[in-house]
Amino acid sequence: MIPEPDLAFERIGPGRLVELLKRAPKAELHLHIEGTLEPEMMLALARRHGVALPYADVEAVRAAYAFTSLQSFLDLYYAGAGVLRDAQDFHDLAWAYFQRAAADGVVHAECFFDPQTHTARGVPLAAVFEGLVAAQRRAETELGLTARWILCVLRHLSEDEALATLEAALPWREHFIGLGLDSSELGHPPSKFQRVFARARALGLHVVAHAGEEGPPDYIRQALDLLQVQRIDHGVQAVHDAALLQRLARERVPLTVCPLSNVRLCVFPDLASHNLRTLLDAGLCVTVNSDDPAYFGGYVADNLVQTVQALGLDARAAWRLLANGFEAAFLDDATRARHLAALERAFADAAAQT
Ligand code: HPA
Ligand SMILES: [Zn+2]
């Protein structure tokens with residue numbers, strides 16, 4: 001756990017905290033690049049490629065985003081991703097996201113991408129990597145934002161397909177740092193993917209998995225014990241298992257929590273009912289992230305501000321959430337220390353304001 005700095009947190013009231021949260025340096029650790037496809041770009045790419053969409057305009061797209069569950073979202077999310085066809089599209093998508101993220105104070109982003117969503121439509125993996133890597137390079141040189149890619153396999157498909165996807169991506173091995181697991185959780189437990197995660201670990205990749213978003217605490221245990229993941233994506237269902245909660249706290253297993261996503265997918269009725277505070281108070285390494293911001297109505301600063309307000313978190317708790325993001329990131333120690341020093345300075349400056 002990152003030690004708390006000696007700061008006059010109590011001098012940062014709710015109003016000043018909102019401003020601070022918008023500009024403070026942040027790590028984004030749970031973001032699906034396909035989930036940053038804003039309706040405007042979806043329609044523009046559909047026009048560019050002559051792809052038919054069931055929406056007349058941007059308002060119609062947004063009106064369709066009334067989700068009742070993870071699956072009801074995934075159906076639209078995969079359909080929307082159908083407009084991504086060539087390297088330029090992947091570049092434009094990721095570059096637009098990095099610009100928005102930088103404006104939100106994000107200094108380091110570990111982003112998911114779903115190769116199977118694209119290769120199944122005949123898009124070559126080379127086009128996906130070419131576009132994403134070009135945008136990543138621009139982000140670093142033009143925005144000072146470091147980005148890393150985590151290849152996700154779709155859990156509603158077979159493990160053999162996941163293994164084939166990982167092998168097919170190996171010519172671009174230097175361009176991704178980890179393996180993740182996403183898509184429809186219920187009925188597709190982590191135990192289904194033990195061989196592909198073992199292969200990823202043998203390749204020296206970091207490993208993470210979505211678990212306990214809608215699925216039971218046992219899926220979180222499976223992700224830890226069978227897949228040996230280093231972080232749990234979501235993990236909010238852990239509160240229903242006291243022993244698991246203690247273990248996550250003891251082992252400082254980070255949870256990449258996405259509050260606005262959880263509300264939009266009806267995991268919680270509203271932000272005030274979210275269990276993030278319970279998880280934080282239990283000593284877990286909770287981080288705040290945006291998941292699929294174009295679909296869920298907010299990027300990472302919105303997630304932080306709205307969650308802090310809805311749960312009445314103070315500046316000390318807000319600092320902890322941001323520090324946890326850097327603790328949980330796959331960064332070298334010197335870079336982590338540099339980001340934490342900048343975070344401390346942002347809070348110290350806010351506390352010193354008169
Ligand atoms: O929140 C999510 N859960 C599972 N799969 C996903 N794919 C994009 N977002 C998600
Ligand atoms: Zn996710």
# chains A, B, ... in the order shown; residues from 1 in each chain; ligands from 1
call {"tool": "select_by_dssp", "arguments": {"residues": "stretch 181-306 of chain A", "states": "helix (DSSP H, G or I)", "output": "ChimeraX atom specification"}}
result
/A:190-202,217-225,236-240,242-250,259-264,271-273,276-281,293-296,300-306
call {"tool": "residues_near_ligand", "arguments": {"ligand": "ligand 1", "cutoff": "8 Å", "atoms": "only C-alpha atoms and all ligand atoms", "output": "CSV table (one decimal) with N, CA and C atoms, in the first residue's frame"}}
result
chain,number,residue,atom,x,y,z
A,31,LEU,N,-10.3,0.2,-19.5
A,31,LEU,CA,-10.9,0.9,-20.6
A,31,LEU,C,-10.8,0.1,-21.8
A,32,HIS,N,-12.0,-0.2,-22.4
A,32,HIS,CA,-12.1,-0.9,-23.7
A,32,HIS,C,-12.0,0.1,-24.8
A,34,GLU,N,-12.7,-0.1,-27.8
A,34,GLU,CA,-13.9,-0.1,-28.6
A,34,GLU,C,-15.1,0.6,-27.9
A,35,GLY,N,-15.0,0.7,-26.6
A,35,GLY,CA,-16.0,1.3,-25.8
A,35,GLY,C,-15.8,2.9,-25.7
A,70,LEU,N,-25.4,-6.6,-18.6
A,70,LEU,CA,-24.2,-6.6,-19.4
A,70,LEU,C,-24.5,-7.1,-20.8
A,74,LEU,N,-23.6,-5.5,-24.5
A,74,LEU,CA,-22.6,-6.1,-25.4
A,74,LEU,C,-23.2,-6.3,-26.8
A,77,TYR,N,-22.7,-3.0,-28.4
A,77,TYR,CA,-21.3,-2.6,-28.4
A,77,TYR,C,-20.6,-3.4,-29.5
A,154,LEU,N,-12.5,-13.1,-25.7
A,154,LEU,CA,-13.9,-13.1,-25.5
A,154,LEU,C,-14.4,-14.4,-24.8
A,181,LEU,N,-9.6,-10.9,-20.0
A,181,LEU,CA,-10.8,-11.7,-20.3
A,181,LEU,C,-12.0,-10.9,-20.2
A,182,ASP,N,-12.8,-10.8,-21.2
A,182,ASP,CA,-14.0,-9.9,-21.1
A,182,ASP,C,-15.2,-10.6,-21.9
A,183,SER,N,-16.3,-9.8,-22.0
A,183,SER,CA,-17.5,-10.3,-22.6
A,183,SER,C,-18.4,-10.9,-21.6
A,184,SER,N,-19.4,-11.7,-22.1
A,184,SER,CA,-20.5,-12.2,-21.2
A,184,SER,C,-20.0,-13.1,-20.1
A,185,GLU,N,-20.2,-12.6,-18.9
A,185,GLU,CA,-19.6,-13.3,-17.7
A,185,GLU,C,-20.4,-14.6,-17.3
A,210,HIS,N,-11.8,-9.9,-16.2
A,210,HIS,CA,-13.1,-9.4,-15.6
A,210,HIS,C,-13.7,-10.5,-14.8
A,213,GLU,N,-18.4,-9.0,-11.9
A,213,GLU,CA,-19.1,-7.8,-12.4
A,213,GLU,C,-20.6,-8.1,-12.2
A,234,HIS,N,-13.5,-5.1,-12.4
A,234,HIS,CA,-14.7,-5.0,-11.6
A,234,HIS,C,-14.6,-5.6,-10.2
A,261,SER,N,-20.3,2.5,-15.2
A,261,SER,CA,-20.7,1.3,-15.9
A,261,SER,C,-21.6,0.5,-15.1
A,291,ASP,N,-14.3,2.0,-18.2
A,291,ASP,CA,-14.8,0.8,-18.9
A,291,ASP,C,-15.1,1.2,-20.4
A,292,ASP,N,-16.4,1.6,-20.6
A,292,ASP,CA,-16.8,1.9,-22.0
A,292,ASP,C,-17.4,3.3,-22.0
call {"tool": "residues_around", "arguments": {"residues": "stretch 305-313 of chain A", "least_positions_apart": "5", "cutoff": "12 Å", "atoms": "only C-alpha atoms", "output": "JSON, numbers by chain"}}
result
{"A": [9, 10, 12, 13, 14, 15, 16, 17, 18, 19, 20, 21, 22, 23, 24, 104, 257, 258, 259, 260, 261, 262, 263, 270, 271, 272, 273, 274, 275, 276, 277, 278, 280, 281, 287, 288, 289, 290, 297, 298, 299, 300, 318, 319, 320, 321, 322]}
call {"tool": "atom_distance", "arguments": {"atom1": "atom CA of A:Val123", "atom2": "atom CA of A:Asp86"}}
result
7.1 Å
call {"tool": "residues_around", "arguments": {"residues": "stretch 141-146 of chain A", "least_positions_apart": "5", "cutoff": "8 Å", "atoms": "only C-alpha atoms", "output": "PyMOL selection string"}}
result
chain A and resi 98-99+102+106-109+136
call {"tool": "select_by_dssp", "arguments": {"residues": "stretch 90-328 of chain A", "states": "strand (DSSP E)", "output": "number ranges by chain"}}
result
A: 106-113, 146-154, 178-182, 206-211, 231-234, 255-257, 286-288
call {"tool": "closest_residue", "arguments": {"among": "A:Leu93, A:Leu205, A:Leu244, A:Leu37", "to": "A:Gly180", "atoms": "only C-alpha atoms"}}
result
A:Leu205
call {"tool": "closest_residue", "arguments": {"among": "A:Gln228, A:Gln88, A:Ser191, A:Thr36", "to": "ligand 2", "atoms": "only C-alpha atoms and all ligand atoms"}}
result
A:Thr36
call {"tool": "residues_around", "arguments": {"residues": "A:Phe197", "least_positions_apart": "3", "cutoff": "6 Å", "atoms": "only C-alpha atoms", "output": "list in words"}}
result
Gln194, Ala200 and Leu227 of chain A
call {"tool": "write_last_selection", "arguments": {"atoms": "C-alpha atoms", "output": "CSV table (one decimal), in the first residue's frame"}}
result
chain,number,residue,atom,x,y,z
A,194,GLN,CA,-6.8,-21.9,-17.8
A,200,ALA,CA,0.2,-15.9,-21.5
A,227,LEU,CA,-5.7,-17.9,-13.9
call {"tool": "closest_residue", "arguments": {"among": "A:Ala96, A:Ala126, A:Ala56, A:Ala209", "to": "ligand 2", "atoms": "only C-alpha atoms and all ligand atoms"}}
result
A:Ala209
call {"tool": "residues_around", "arguments": {"residues": "A:Thr117", "least_positions_apart": "4", "cutoff": "8 Å", "atoms": "only C-alpha atoms", "output": "list of chain:residue names"}}
result
A:Tyr78, A:Ala81, A:Arg121
call {"tool": "closest_residue", "arguments": {"among": "A:Ile232, A:Ala238, A:Ala139, A:Leu53", "to": "ligand 2", "atoms": "only C-alpha atoms and all ligand atoms"}}
result
A:Ile232
call {"tool": "closest_residue", "arguments": {"among": "A:Leu255, A:Ala8, A:Leu45, A:Ala198", "to": "ligand 2", "atoms": "only C-alpha atoms and all ligand atoms"}}
result
A:Leu255
call {"tool": "decode", "arguments": {"residues": "stretch 140-151 of chain A", "atoms": "N, CA and C atoms", "output": "PDB file, in the first residue's frame"}}
result
ATOM      1  N   GLU A 140       2.118   9.439 -26.769  1.00  0.00           N
ATOM      2  CA  GLU A 140       3.329   9.617 -25.968  1.00  0.00           C
ATOM      3  C   GLU A 140       4.077  10.886 -26.388  1.00  0.00           C
ATOM      4  N   THR A 141       4.248  11.099 -27.696  1.00  0.00           N
ATOM      5  CA  THR A 141       5.049  12.249 -28.128  1.00  0.00           C
ATOM      6  C   THR A 141       4.266  13.561 -28.052  1.00  0.00           C
ATOM      7  N   GLU A 142       2.984  13.543 -28.390  1.00  0.00           N
ATOM      8  CA  GLU A 142       2.237  14.814 -28.467  1.00  0.00           C
ATOM      9  C   GLU A 142       1.503  15.154 -27.180  1.00  0.00           C
ATOM     10  N   LEU A 143       1.198  14.156 -26.366  1.00  0.00           N
ATOM     11  CA  LEU A 143       0.403  14.415 -25.154  1.00  0.00           C
ATOM     12  C   LEU A 143       1.151  14.058 -23.867  1.00  0.00           C
ATOM     13  N   GLY A 144       2.287  13.370 -24.001  1.00  0.00           N
ATOM     14  CA  GLY A 144       3.002  12.930 -22.802  1.00  0.00           C
ATOM     15  C   GLY A 144       2.237  11.880 -22.016  1.00  0.00           C
ATOM     16  N   LEU A 145       1.340  11.177 -22.701  1.00  0.00           N
ATOM     17  CA  LEU A 145       0.529  10.134 -22.056  1.00  0.00           C
ATOM     18  C   LEU A 145       1.082   8.775 -22.488  1.00  0.00           C
ATOM     19  N   THR A 146       1.470   7.925 -21.530  1.00  0.00           N
ATOM     20  CA  THR A 146       1.932   6.593 -21.909  1.00  0.00           C
ATOM     21  C   THR A 146       0.723   5.666 -21.987  1.00  0.00           C
ATOM     22  N   ALA A 147       0.651   4.909 -23.073  1.00  0.00           N
ATOM     23  CA  ALA A 147      -0.457   3.965 -23.253  1.00  0.00           C
ATOM     24  C   ALA A 147       0.125   2.571 -23.461  1.00  0.00           C
ATOM     25  N   ARG A 148      -0.567   1.590 -22.934  1.00  0.00           N
ATOM     26  CA  ARG A 148      -0.183   0.188 -23.121  1.00  0.00           C
ATOM     27  C   ARG A 148      -1.426  -0.585 -23.524  1.00  0.00           C
ATOM     28  N   TRP A 149      -1.243  -1.646 -24.307  1.00  0.00           N
ATOM     29  CA  TRP A 149      -2.376  -2.451 -24.786  1.00  0.00           C
ATOM     30  C   TRP A 149      -2.448  -3.790 -24.065  1.00  0.00           C
ATOM     31  N   ILE A 150      -3.660  -4.171 -23.700  1.00  0.00           N
ATOM     32  CA  ILE A 150      -3.931  -5.490 -23.107  1.00  0.00           C
ATOM     33  C   ILE A 150      -4.902  -6.215 -24.039  1.00  0.00           C
ATOM     34  N   LEU A 151      -4.454  -7.334 -24.567  1.00  0.00           N
ATOM     35  CA  LEU A 151      -5.275  -8.110 -25.512  1.00  0.00           C
ATOM     36  C   LEU A 151      -6.311  -8.904 -24.723  1.00  0.00           C
TER      37      LEU A 151
END
